[in-house]
file final-v4.cif (mmCIF, C-alpha atoms and all ligand atoms)
data_structure
#
loop_
_atom_site.label_atom_id
_atom_site.label_comp_id
_atom_site.auth_asym_id
_atom_site.auth_seq_id
_atom_site.Cartn_x
_atom_site.Cartn_y
_atom_site.Cartn_z
CA MET Y 25 -58.35 -1.20 -184.54
CA ASN Y 26 -55.51 -3.55 -185.45
CA PHE Y 27 -54.84 -6.36 -183.04
CA GLU Y 28 -52.07 -7.80 -185.20
CA SER Y 29 -49.90 -4.78 -184.50
CA LEU Y 30 -50.25 -5.56 -180.80
CA ALA Y 31 -49.48 -9.27 -181.08
CA LYS Y 32 -46.04 -10.75 -180.51
CA PRO Y 33 -44.40 -10.96 -183.98
CA SER Y 34 -43.90 -14.72 -183.58
CA VAL Y 35 -47.67 -15.21 -183.36
CA LEU Y 36 -48.13 -13.72 -186.83
CA THR Y 37 -45.76 -16.24 -188.42
CA GLN Y 38 -46.88 -19.23 -186.35
CA PRO Y 39 -48.23 -22.00 -188.65
CA VAL Y 40 -51.60 -23.44 -187.66
CA TYR Y 41 -52.52 -27.11 -187.21
CA GLU Y 42 -55.00 -28.39 -189.81
CA PRO Y 43 -57.21 -31.03 -188.22
CA GLY Y 44 -59.26 -33.63 -190.10
CA LYS Y 45 -62.65 -32.12 -190.82
CA PRO Y 46 -65.45 -33.08 -188.42
CA ILE Y 47 -68.35 -35.03 -189.93
CA GLU Y 48 -70.90 -32.28 -189.21
CA TYR Y 49 -68.72 -29.74 -190.98
CA VAL Y 50 -68.39 -31.81 -194.14
CA ALA Y 51 -72.13 -32.58 -194.12
CA ARG Y 52 -72.97 -28.88 -193.95
CA GLU Y 53 -70.42 -27.93 -196.60
CA LEU Y 54 -71.52 -30.54 -199.13
CA GLY Y 55 -75.20 -30.85 -198.26
CA LEU Y 56 -74.82 -34.50 -197.20
CA ASP Y 57 -76.58 -36.49 -194.47
CA PRO Y 58 -74.11 -36.70 -191.54
CA ALA Y 59 -75.36 -40.21 -190.77
CA GLY Y 60 -74.04 -41.38 -194.16
CA ILE Y 61 -70.54 -39.97 -193.71
CA ILE Y 62 -67.58 -41.92 -192.35
CA LYS Y 63 -64.46 -40.21 -191.08
CA LEU Y 64 -61.26 -42.12 -191.62
CA ALA Y 65 -59.06 -39.05 -191.35
CA SER Y 66 -57.81 -38.65 -187.78
CA ASN Y 67 -56.91 -42.19 -186.68
CA GLU Y 68 -59.88 -42.32 -184.34
CA ASN Y 69 -61.18 -45.64 -183.04
CA PRO Y 70 -63.94 -47.02 -185.32
CA PHE Y 71 -65.27 -49.12 -182.42
CA GLY Y 72 -66.04 -46.09 -180.28
CA PRO Y 73 -64.88 -45.56 -176.71
CA SER Y 74 -63.99 -48.44 -174.41
CA PRO Y 75 -67.33 -49.49 -172.83
CA LEU Y 76 -65.79 -49.58 -169.35
CA ALA Y 77 -64.44 -46.07 -169.89
CA LEU Y 78 -67.80 -44.80 -171.13
CA ALA Y 79 -69.59 -46.11 -168.05
CA ALA Y 80 -67.01 -44.55 -165.74
CA ALA Y 81 -67.21 -41.22 -167.58
CA LYS Y 82 -70.99 -41.09 -167.21
CA GLN Y 83 -70.69 -41.78 -163.52
CA ALA Y 84 -68.01 -39.13 -163.06
CA LEU Y 85 -70.33 -36.53 -164.61
CA GLU Y 86 -72.55 -36.89 -161.53
CA HIS Y 87 -69.89 -34.92 -159.66
CA GLY Y 88 -69.40 -32.28 -162.31
CA GLU Y 89 -69.55 -29.54 -159.69
CA LEU Y 90 -66.21 -30.50 -158.17
CA TYR Y 91 -62.78 -29.55 -159.47
CA PRO Y 92 -60.81 -32.55 -160.65
CA ASP Y 93 -57.77 -33.90 -158.82
CA GLY Y 94 -55.12 -31.73 -160.45
CA GLY Y 95 -52.46 -34.28 -159.57
CA CYS Y 96 -54.35 -37.21 -161.17
CA PHE Y 97 -53.41 -39.33 -158.14
CA ALA Y 98 -55.60 -42.36 -158.80
CA LEU Y 99 -54.67 -42.56 -162.46
CA ARG Y 100 -50.95 -42.29 -161.75
CA GLN Y 101 -51.23 -45.01 -159.10
CA LYS Y 102 -53.01 -47.22 -161.60
CA LEU Y 103 -50.49 -46.54 -164.35
CA ALA Y 104 -47.69 -47.29 -161.89
CA ALA Y 105 -49.25 -50.67 -161.10
CA VAL Y 106 -50.04 -51.53 -164.71
CA ARG Y 107 -46.77 -50.34 -166.24
CA GLY Y 108 -44.37 -51.21 -163.42
CA LEU Y 109 -42.95 -47.75 -162.73
CA GLY Y 110 -43.35 -45.31 -159.82
CA ALA Y 111 -46.43 -43.10 -159.64
CA ASP Y 112 -44.05 -40.13 -159.70
CA GLN Y 113 -42.72 -41.28 -163.06
CA PHE Y 114 -45.95 -40.29 -164.84
CA VAL Y 115 -47.26 -36.91 -165.91
CA ILE Y 116 -50.83 -36.66 -167.19
CA GLY Y 117 -51.82 -34.23 -169.93
CA ASN Y 118 -54.84 -32.83 -171.73
CA GLY Y 119 -54.03 -35.24 -174.51
CA SER Y 120 -50.43 -36.25 -175.06
CA ASN Y 121 -50.30 -33.10 -177.21
CA GLU Y 122 -50.26 -31.11 -174.00
CA ILE Y 123 -47.18 -32.99 -172.81
CA ILE Y 124 -45.44 -31.90 -176.03
CA GLU Y 125 -46.32 -28.33 -175.12
CA LEU Y 126 -45.18 -28.78 -171.51
CA LEU Y 127 -41.82 -30.03 -172.81
CA GLY Y 128 -41.59 -26.78 -174.76
CA HIS Y 129 -42.46 -24.71 -171.69
CA ALA Y 130 -39.91 -26.48 -169.56
CA PHE Y 131 -36.99 -26.87 -171.96
CA VAL Y 132 -37.25 -24.88 -175.21
CA GLY Y 133 -36.51 -21.20 -175.81
CA ALA Y 134 -35.21 -18.77 -178.43
CA GLY Y 135 -31.97 -19.95 -180.02
CA ASP Y 136 -32.53 -23.58 -179.11
CA GLU Y 137 -32.89 -26.42 -181.58
CA VAL Y 138 -35.29 -29.34 -181.58
CA VAL Y 139 -34.54 -32.26 -183.90
CA MET Y 140 -37.32 -34.34 -185.48
CA GLY Y 141 -38.01 -36.63 -188.42
CA ALA Y 142 -39.79 -35.41 -191.55
CA PRO Y 143 -42.49 -36.20 -192.26
CA ALA Y 144 -43.50 -36.87 -188.66
CA PHE Y 145 -46.26 -35.60 -186.38
CA VAL Y 146 -46.48 -31.89 -187.16
CA VAL Y 147 -47.15 -30.81 -183.55
CA TYR Y 148 -43.43 -31.24 -182.65
CA LYS Y 149 -42.59 -28.53 -185.16
CA LEU Y 150 -45.51 -26.27 -184.24
CA VAL Y 151 -44.59 -26.30 -180.55
CA THR Y 152 -40.91 -25.75 -181.34
CA LEU Y 153 -41.76 -22.64 -183.37
CA LEU Y 154 -44.18 -21.45 -180.70
CA PHE Y 155 -41.31 -21.29 -178.23
CA GLY Y 156 -39.08 -19.42 -180.67
CA ALA Y 157 -36.71 -22.32 -181.33
CA ARG Y 158 -35.50 -23.84 -184.59
CA ALA Y 159 -37.03 -27.07 -185.88
CA VAL Y 160 -34.32 -29.25 -187.42
CA GLU Y 161 -36.06 -31.73 -189.70
CA VAL Y 162 -34.28 -34.91 -190.73
CA PRO Y 163 -35.77 -36.77 -193.73
CA LEU Y 164 -37.01 -40.30 -193.16
CA ARG Y 165 -35.10 -43.13 -194.83
CA ASP Y 166 -37.19 -45.88 -196.44
CA TRP Y 167 -40.16 -44.27 -194.67
CA ARG Y 168 -38.64 -44.84 -191.20
CA HIS Y 169 -36.90 -42.49 -188.78
CA ASP Y 170 -33.23 -42.39 -189.77
CA LEU Y 171 -31.77 -42.53 -186.28
CA PRO Y 172 -28.09 -42.18 -187.30
CA ALA Y 173 -28.95 -39.07 -189.34
CA ILE Y 174 -30.99 -37.69 -186.45
CA ALA Y 175 -28.05 -38.28 -184.10
CA ALA Y 176 -25.77 -36.50 -186.57
CA ALA Y 177 -28.10 -33.45 -186.60
CA ILE Y 178 -27.62 -32.84 -182.88
CA THR Y 179 -25.58 -29.75 -181.98
CA PRO Y 180 -24.69 -28.03 -178.70
CA ARG Y 181 -27.95 -26.04 -179.12
CA THR Y 182 -30.17 -29.12 -179.33
CA LYS Y 183 -32.55 -29.46 -176.39
CA LEU Y 184 -35.02 -32.12 -177.51
CA VAL Y 185 -35.12 -34.83 -180.12
CA TYR Y 186 -38.43 -36.39 -181.17
CA VAL Y 187 -38.91 -39.93 -182.47
CA CYS Y 188 -42.42 -41.02 -183.35
CA THR Y 189 -42.81 -44.79 -183.54
CA PRO Y 190 -45.01 -46.02 -185.11
CA ASN Y 191 -44.66 -42.77 -187.01
CA ASN Y 192 -47.57 -40.60 -188.04
CA PRO Y 193 -48.19 -40.23 -191.01
CA THR Y 194 -46.19 -43.24 -192.29
CA GLY Y 195 -47.21 -46.03 -189.88
CA THR Y 196 -43.65 -47.32 -189.81
CA ALA Y 197 -41.71 -48.26 -186.68
CA ASN Y 198 -38.18 -48.41 -185.37
CA THR Y 199 -37.01 -51.46 -183.47
CA GLU Y 200 -36.36 -51.59 -179.74
CA ALA Y 201 -32.67 -52.29 -180.34
CA GLU Y 202 -32.38 -49.27 -182.66
CA LEU Y 203 -34.10 -46.98 -180.17
CA ILE Y 204 -32.03 -48.15 -177.21
CA ALA Y 205 -28.74 -47.74 -179.07
CA PHE Y 206 -29.82 -44.28 -180.24
CA ILE Y 207 -30.88 -43.07 -176.79
CA GLU Y 208 -27.85 -44.51 -175.03
CA ALA Y 209 -25.55 -42.63 -177.39
CA LEU Y 210 -27.22 -39.22 -176.96
CA PRO Y 211 -25.13 -36.46 -175.41
CA ASP Y 212 -26.02 -35.46 -171.89
CA HIS Y 213 -27.66 -32.12 -172.80
CA VAL Y 214 -30.36 -33.71 -175.00
CA ILE Y 215 -33.69 -35.23 -173.98
CA ALA Y 216 -35.20 -37.87 -176.27
CA ILE Y 217 -38.97 -37.96 -176.62
CA VAL Y 218 -40.44 -41.16 -178.00
CA ASP Y 219 -44.05 -40.71 -179.08
CA GLU Y 220 -45.81 -44.07 -178.63
CA ALA Y 221 -49.34 -42.91 -179.51
CA TYR Y 222 -49.94 -46.11 -181.52
CA ALA Y 223 -47.85 -48.56 -179.49
CA GLU Y 224 -50.86 -50.56 -178.30
CA TYR Y 225 -51.58 -51.57 -181.90
CA VAL Y 226 -48.13 -53.09 -182.29
CA GLU Y 227 -47.25 -56.63 -181.29
CA ASN Y 228 -44.14 -56.56 -179.11
CA ALA Y 229 -43.81 -52.78 -179.14
CA PRO Y 230 -40.41 -51.49 -177.97
CA ASP Y 231 -40.12 -51.30 -174.18
CA LEU Y 232 -38.01 -48.32 -173.10
CA ARG Y 233 -38.82 -48.60 -169.41
CA PRO Y 234 -35.41 -50.09 -168.58
CA LEU Y 235 -33.84 -46.86 -169.90
CA ILE Y 236 -36.16 -44.77 -167.73
CA ARG Y 237 -35.40 -46.88 -164.66
CA ALA Y 238 -31.70 -46.44 -165.43
CA GLY Y 239 -32.13 -42.64 -165.35
CA ARG Y 240 -31.66 -42.00 -169.07
CA LYS Y 241 -32.96 -38.72 -170.48
CA VAL Y 242 -35.99 -40.09 -172.27
CA VAL Y 243 -39.70 -39.29 -172.10
CA CYS Y 244 -42.23 -41.69 -173.63
CA LEU Y 245 -45.67 -40.40 -174.63
CA ARG Y 246 -48.90 -42.39 -174.73
CA THR Y 247 -52.51 -41.44 -175.31
CA PHE Y 248 -56.02 -42.61 -174.50
CA SER Y 249 -57.20 -41.08 -177.80
CA LYS Y 250 -56.47 -44.03 -180.05
CA ILE Y 251 -56.87 -47.63 -178.92
CA TYR Y 252 -59.08 -46.66 -175.95
CA GLY Y 253 -61.29 -44.46 -178.15
CA LEU Y 254 -61.28 -41.39 -175.89
CA ALA Y 255 -60.02 -38.71 -178.30
CA SER Y 256 -62.81 -36.28 -177.39
CA LEU Y 257 -61.97 -36.37 -173.67
CA ARG Y 258 -58.36 -35.23 -174.22
CA ILE Y 259 -56.13 -37.32 -172.00
CA GLY Y 260 -52.68 -38.77 -172.46
CA TYR Y 261 -49.53 -39.26 -170.42
CA GLY Y 262 -45.79 -39.16 -170.37
CA TYR Y 263 -43.53 -41.47 -168.42
CA ALA Y 264 -39.97 -40.58 -167.53
CA ALA Y 265 -37.61 -40.04 -164.60
CA ALA Y 266 -39.43 -38.60 -161.57
CA ASP Y 267 -37.29 -35.41 -161.68
CA LEU Y 268 -38.32 -34.74 -165.24
CA CYS Y 269 -42.01 -35.38 -164.50
CA ALA Y 270 -41.77 -32.93 -161.59
CA LEU Y 271 -40.51 -30.20 -163.95
CA LEU Y 272 -43.35 -30.81 -166.39
CA ASN Y 273 -45.85 -30.68 -163.53
CA ARG Y 274 -44.55 -27.22 -162.58
CA VAL Y 275 -45.50 -25.71 -165.94
CA ARG Y 276 -48.97 -27.21 -166.42
CA GLN Y 277 -52.29 -25.64 -165.48
CA PRO Y 278 -53.46 -26.65 -161.98
CA PHE Y 279 -56.47 -28.59 -163.37
CA ASN Y 280 -55.21 -29.50 -166.82
CA VAL Y 281 -57.05 -32.83 -167.05
CA ASN Y 282 -60.78 -32.96 -166.32
CA ALA Y 283 -62.36 -35.49 -163.97
CA ILE Y 284 -64.46 -37.20 -166.65
CA ALA Y 285 -61.34 -37.96 -168.64
CA GLN Y 286 -59.45 -39.16 -165.55
CA ALA Y 287 -62.25 -41.56 -164.59
CA ALA Y 288 -62.57 -42.84 -168.16
CA ALA Y 289 -58.83 -43.40 -168.51
CA LEU Y 290 -58.66 -45.24 -165.20
CA ALA Y 291 -61.41 -47.62 -166.31
CA ALA Y 292 -59.97 -47.99 -169.82
CA LEU Y 293 -56.80 -49.47 -168.37
CA ASP Y 294 -58.91 -52.37 -167.12
CA ASP Y 295 -60.65 -52.89 -170.46
CA HIS Y 296 -58.22 -55.48 -171.80
CA ALA Y 297 -60.93 -57.20 -173.84
CA PHE Y 298 -61.70 -53.99 -175.72
CA ALA Y 299 -58.08 -53.06 -176.37
CA GLU Y 300 -57.26 -56.58 -177.55
CA ARG Y 301 -60.26 -56.66 -179.86
CA CYS Y 302 -59.37 -53.26 -181.34
CA ALA Y 303 -55.77 -54.35 -181.97
CA ARG Y 304 -56.92 -57.63 -183.56
CA GLU Y 305 -59.56 -55.98 -185.77
CA ASN Y 306 -57.00 -53.34 -186.76
CA ARG Y 307 -54.51 -55.95 -187.94
CA ALA Y 308 -57.23 -57.59 -190.04
CA GLY Y 309 -58.20 -54.15 -191.37
CA LEU Y 310 -54.62 -53.40 -192.39
CA ARG Y 311 -54.53 -56.65 -194.40
CA GLN Y 312 -57.92 -55.82 -195.93
CA ILE Y 313 -56.77 -52.37 -197.07
CA GLU Y 314 -53.41 -53.71 -198.31
CA ASP Y 315 -55.23 -56.34 -200.40
CA GLY Y 316 -57.56 -53.67 -201.74
CA CYS Y 317 -54.61 -51.47 -202.74
CA ARG Y 318 -52.96 -54.38 -204.55
CA ARG Y 319 -56.18 -55.04 -206.47
CA LEU Y 320 -56.31 -51.38 -207.45
CA GLY Y 321 -52.62 -51.35 -208.36
CA LEU Y 322 -51.86 -48.67 -205.75
CA ALA Y 323 -48.60 -48.38 -203.85
CA PHE Y 324 -48.88 -48.17 -200.07
CA VAL Y 325 -46.50 -47.93 -197.13
CA PRO Y 326 -46.78 -51.10 -195.00
CA SER Y 327 -48.06 -49.92 -191.62
CA VAL Y 328 -48.16 -51.33 -188.09
CA ALA Y 329 -50.43 -48.52 -186.82
CA ASN Y 330 -54.17 -47.89 -187.32
CA PHE Y 331 -53.71 -45.92 -190.54
CA MET Y 332 -51.93 -46.27 -193.85
CA LEU Y 333 -50.41 -44.08 -196.55
CA ILE Y 334 -51.68 -44.86 -200.07
CA ARG Y 335 -50.29 -43.35 -203.28
CA VAL Y 336 -53.25 -42.15 -205.31
CA GLY Y 337 -51.76 -39.67 -207.81
CA ASP Y 338 -53.23 -36.29 -206.93
CA GLY Y 339 -53.91 -36.61 -203.20
CA ASN Y 340 -56.00 -33.46 -202.88
CA ARG Y 341 -58.19 -34.37 -205.86
CA VAL Y 342 -58.82 -37.91 -204.59
CA PHE Y 343 -59.50 -36.57 -201.09
CA ASP Y 344 -62.09 -34.16 -202.58
CA ALA Y 345 -63.77 -36.82 -204.70
CA MET Y 346 -63.96 -39.26 -201.79
CA GLN Y 347 -65.31 -36.60 -199.48
CA ARG Y 348 -68.12 -35.82 -201.93
CA SER Y 349 -69.02 -39.53 -201.64
CA GLY Y 350 -69.11 -39.25 -197.87
CA VAL Y 351 -65.73 -40.78 -196.98
CA ILE Y 352 -63.33 -38.36 -195.28
CA VAL Y 353 -59.63 -39.25 -195.53
CA ARG Y 354 -56.55 -37.09 -194.97
CA PRO Y 355 -54.61 -35.42 -197.76
CA VAL Y 356 -50.96 -35.20 -196.75
CA LYS Y 357 -49.66 -32.53 -199.09
CA SER Y 358 -48.80 -30.43 -196.04
CA TYR Y 359 -46.49 -33.28 -194.97
CA GLY Y 360 -44.72 -33.02 -198.34
CA LEU Y 361 -46.61 -36.00 -199.78
CA PRO Y 362 -48.89 -34.50 -202.46
CA GLU Y 363 -49.39 -37.87 -204.22
CA TRP Y 364 -50.61 -39.68 -201.13
CA VAL Y 365 -53.57 -39.85 -198.79
CA ARG Y 366 -53.56 -41.20 -195.24
CA VAL Y 367 -56.50 -43.41 -194.37
CA THR Y 368 -57.50 -44.61 -190.93
CA VAL Y 369 -58.33 -48.31 -190.59
CA GLY Y 370 -62.06 -48.59 -189.94
CA THR Y 371 -64.42 -51.46 -189.28
CA ARG Y 372 -64.56 -54.22 -191.90
CA GLU Y 373 -67.59 -52.53 -193.54
CA GLN Y 374 -66.02 -49.08 -193.42
CA ASN Y 375 -62.85 -50.43 -195.04
CA GLU Y 376 -64.93 -51.98 -197.82
CA ARG Y 377 -66.63 -48.66 -198.44
CA LEU Y 378 -63.29 -46.86 -198.27
CA LEU Y 379 -61.85 -49.12 -200.98
CA ALA Y 380 -64.93 -48.87 -203.21
CA THR Y 381 -64.97 -45.07 -202.88
CA LEU Y 382 -61.25 -44.91 -203.53
CA ALA Y 383 -61.63 -47.04 -206.68
CA ALA Y 384 -64.39 -44.73 -207.93
CA ALA Y 385 -62.36 -41.62 -207.13
CA LEU Y 386 -59.44 -42.84 -209.24
CA THR Y 387 -61.44 -43.06 -212.47
C1 LIG N 401 -52.96 -39.02 -182.29
C2 LIG N 401 -51.56 -38.73 -181.90
C3 LIG N 401 -51.26 -38.33 -180.60
C4 LIG N 401 -52.33 -38.22 -179.56
O1 LIG N 401 -52.61 -36.94 -179.24
P1 LIG N 401 -53.63 -36.64 -178.04
O2 LIG N 401 -53.34 -35.24 -177.73
O3 LIG N 401 -53.30 -37.58 -176.92
O4 LIG N 401 -55.00 -36.88 -178.59
C5 LIG N 401 -49.95 -38.10 -180.25
N1 LIG N 401 -48.97 -38.29 -181.14
C6 LIG N 401 -49.21 -38.69 -182.39
C7 LIG N 401 -48.09 -38.93 -183.31
C8 LIG N 401 -50.51 -38.91 -182.82
O5 LIG N 401 -50.74 -39.29 -184.06
#
call {"tool": "encode", "arguments": {"input": "final-v4.cif", "output": "structure tokens"}}
result
Amino acid sequence: MNFESLAKPSVLTQPVYEPGKPIEYVARELGLDPAGIIKLASNENPFGPSPLALAAAKQALEHGELYPDGGCFALRQKLAAVRGLGADQFVIGNGSNEIIELLGHAFVGAGDEVVMGAPAFVVYKLVTLLFGARAVEVPLRDWRHDLPAIAAAITPRTKLVYVCTPNNPTGTANTEAELIAFIEALPDHVIAIVDEAYAEYVENAPDLRPLIRAGRKVVCLRTFSKIYGLASLRIGYGYAAADLCALLNRVRQPFNVNAIAQAAALAALDDHAFAERCARENRAGLRQIEDGCRRLGLAFVPSVANFMLIRVGDGNRVFDAMQRSGVIVRPVKSYGLPEWVRVTVGTREQNERLLATLAAALT
């Protein structure tokens, strides 16, 4: 029996996403106590889920027998009120990752091109390949998306262009003025996607809503996985012109977002105290890790997100050594950065342990 001979050829060459290893997995592999391990590898929230979201999620479980509202009506109404757009200008996904996939379903096919920065979030490329299109990768410049070079890479075959800001894995951002000029100059056959997964950590993050209201071809992506601490529930959203949202809604599963996640997200949007605290603690954590890197004589990429790239020499070796000490970080060799690791900003204590473990791993 050979299933591979039955599979579509493209499946056999499809690269696979490598997630940060779960704590339980590392504990089992290395014979460590899971309680003593910290994971600073996937940009998760070290302060846990928003307490308001957690309470709402528990309550929603009481009605676990009912299908969720496939249209996410209440959440879209809430987002419309909070973000000052129409409820029909939002599309809700099983994580913002699903919206990336829906964009592929709706717009990308064989022979098409999708333009993206490199290194940037790898899912843009994976989804592009999944739909049989060509990923056109444009190198970053000074660690930031090089928008003029990205614009120059657009051809008549280009369908989508991705800009991640702040960018994962670099933590760097493009300015609002840069983004607006870039989007306004795009040809009519191209849709810009601006991934704002970390926008809530940024003071005065770019606001592209005026472009959306003006009918520009731009989709912005946000997630409840990061600052609201709901990564396990899988919920995120896109906002864009109502016509575009309607197309994405046609290609999603009828019940793509579960009711627990919808209730949690709705409550999270009211948890201003939690979000503000997380953003404040994160800024202090960034300074703490920067100072630690300077003390250790390590280069780093100044970040405005909740993670940072640090140059450690042999990234895989340092990742291994740190993991054996119970601190999981992310090697980024697969992003073309073999000398670096990406670390998530933790609590003050976690950051201290991160720096001590890093220092020990370097010797
Ligand atoms: C974490 C992250 C997301 C969020 O993905 P979800 O599917 O919403 O969990 C999206 N984009 C980037 C660049 C990220 O780093």
call {"tool": "closest_atom_pairs", "arguments": {"input": "final-v4.cif", "of": "chain Y", "to": "ligand LIG 401 (chain N)", "cutoff": "6 Å", "atoms": "all atoms listed in the file", "output": "Markdown table"}}
result
| residue | atom | partner | partner_atom | distance |
| --- | --- | --- | --- | --- |
| Y:Gly119 | CA | N:LIG401 | O2 | 3.3 |
| Y:Ser120 | CA | N:LIG401 | O3 | 3.7 |
| Y:Asn121 | CA | N:LIG401 | O2 | 3.8 |
| Y:Phe145 | CA | N:LIG401 | C7 | 4.9 |
| Y:Asn192 | CA | N:LIG401 | C7 | 5.0 |
| Y:Asp219 | CA | N:LIG401 | N1 | 5.9 |
| Y:Ala221 | CA | N:LIG401 | C5 | 4.9 |
| Y:Thr247 | CA | N:LIG401 | O3 | 4.3 |
| Y:Ser249 | CA | N:LIG401 | O4 | 4.8 |
| Y:Ala255 | CA | N:LIG401 | O4 | 5.4 |
| Y:Arg258 | CA | N:LIG401 | O4 | 5.8 |
| Y:Ile259 | CA | N:LIG401 | O3 | 5.7 |
| Y:Gly260 | CA | N:LIG401 | O3 | 4.7 |
call {"tool": "closest_atom_pairs", "arguments": {"input": "final-v4.cif", "of": "stretch 74-177 of chain Y", "to": "stretch 41-52 of chain Y", "cutoff": "8 Å", "atoms": "all atoms listed in the file", "output": "JSON lines"}}
result
{"residue": "Y:Val146", "atom": "CA", "partner": "Y:Tyr41", "partner_atom": "CA", "distance": 7.7}
{"residue": "Y:Val147", "atom": "CA", "partner": "Y:Tyr41", "partner_atom": "CA", "distance": 7.5}
{"residue": "Y:Leu150", "atom": "CA", "partner": "Y:Tyr41", "partner_atom": "CA", "distance": 7.7}
call {"tool": "residues_near_point", "arguments": {"input": "final-v4.cif", "point": "(-42.9, -24.7, -174.4)", "cutoff": "10 Å", "atoms": "all atoms listed in the file", "output": "list in words"}}
result
Glu122, Ile123, Ile124, Glu125, Leu126, Leu127, Gly128, His129, Ala130, Phe131, Val132, Gly133, Val151, Thr152, Leu153, Leu154, Phe155, Gly156, Ala157 and Val275 of chain Y
call {"tool": "atom_distance", "arguments": {"input": "final-v4.cif", "atom1": "atom CA of Y:Arg274", "atom2": "atom CA of Y:Ala111"}}
result
16.3 Å
call {"tool": "closest_residue", "arguments": {"input": "final-v4.cif", "among": "Y:Gly117, Y:Pro190, Y:Ala201, Y:Phe206", "to": "Y:Ala175", "atoms": "only C-alpha atoms"}}
result
Y:Phe206
call {"tool": "closest_residue", "arguments": {"input": "final-v4.cif", "among": "Y:Ala238, Y:Ile116, Y:Met25, Y:Val336", "to": "Y:Gln277", "atoms": "only C-alpha atoms"}}
result
Y:Ile116
call {"tool": "residues_around", "arguments": {"input": "final-v4.cif", "residues": "Y:Glu314", "least_positions_apart": "6", "cutoff": "9 Å", "atoms": "all atoms listed in the file", "output": "list of chain:residue names"}}
result
Y:Phe324, Y:Pro326, Y:Met332
call {"tool": "closest_atom_pairs", "arguments": {"input": "final-v4.cif", "of": "stretch 254-372 of chain Y", "to": "stretch 86-100 of chain Y", "cutoff": "7 Å", "atoms": "only C-alpha atoms", "output": "CSV"}}
result
residue,atom,partner,partner_atom,distance
Y:Pro278,CA,Y:Gly94,CA,5.6
Y:Phe279,CA,Y:Gly94,CA,4.5
Y:Asn280,CA,Y:Gly94,CA,6.7
Y:Val281,CA,Y:Gly94,CA,7.0
Y:Asn282,CA,Y:Pro92,CA,5.7
Y:Ala283,CA,Y:Pro92,CA,4.7
Y:Gln286,CA,Y:Leu99,CA,6.6
Y:Leu290,CA,Y:Leu99,CA,5.5
call {"tool": "write_last_selection", "arguments": {"input": "final-v4.cif", "atoms": "C-alpha atoms", "output": "PDB file, in the frame of the given file"}}
result
ATOM      1  CA  PRO Y 278     -53.460 -26.650-161.980  1.00  0.00           C
ATOM      2  CA  PHE Y 279     -56.470 -28.590-163.370  1.00  0.00           C
ATOM      3  CA  ASN Y 280     -55.210 -29.500-166.820  1.00  0.00           C
ATOM      4  CA  VAL Y 281     -57.050 -32.830-167.050  1.00  0.00           C
ATOM      5  CA  ASN Y 282     -60.780 -32.960-166.320  1.00  0.00           C
ATOM      6  CA  ALA Y 283     -62.360 -35.490-163.970  1.00  0.00           C
ATOM      7  CA  GLN Y 286     -59.450 -39.160-165.550  1.00  0.00           C
ATOM      8  CA  LEU Y 290     -58.660 -45.240-165.200  1.00  0.00           C
TER       9      LEU Y 290
END
call {"tool": "closest_residue", "arguments": {"input": "final-v4.cif", "among": "Y:His169, Y:Arg233, Y:Arg311, Y:Lys102", "to": "Y:Glu202", "atoms": "only C-alpha atoms"}}
result
Y:His169
call {"tool": "atom_distance", "arguments": {"input": "final-v4.cif", "atom1": "atom CA of Y:Val226", "atom2": "atom CA of Y:Cys188"}}
result
13.4 Å
call {"tool": "closest_residue", "arguments": {"input": "final-v4.cif", "among": "Y:Asn69, Y:Gln113, Y:Thr368, Y:Asn191", "to": "Y:Ala265", "atoms": "all atoms listed in the file"}}
result
Y:Gln113
call {"tool": "atom_distance", "arguments": {"input": "final-v4.cif", "atom1": "atom CA of Y:Val138", "atom2": "atom CA of Y:Val160"}}
result
5.9 Å
call {"tool": "residues_around", "arguments": {"input": "final-v4.cif", "residues": "Y:Ala197", "least_positions_apart": "2", "cutoff": "12 Å", "atoms": "all atoms listed in the file", "output": "PyMOL selection string"}}
result
chain Y and resi 144+164-171+187-195+199-203+218-223+225-230+325-329
call {"tool": "closest_residue", "arguments": {"input": "final-v4.cif", "among": "Y:Ser256, Y:Gln101, Y:Thr182, Y:Ser29", "to": "Y:Ile215", "atoms": "all atoms listed in the file"}}
result
Y:Thr182
call {"tool": "closest_residue", "arguments": {"input": "final-v4.cif", "among": "Y:Gly135, Y:Gly370, Y:Gly141, Y:Pro211", "to": "Y:Ala308", "atoms": "all atoms listed in the file"}}
result
Y:Gly370
call {"tool": "axis_aligned_box", "arguments": {"input": "final-v4.cif", "around": "stretch 193-199 of chain Y", "padding_each_side": "5 Å", "output": "AutoDock Vina command-line options"}}
result
--center_x -42.6 --center_y -45.8 --center_z -187.9 --size_x 21.2 --size_y 21.2 --size_z 18.8
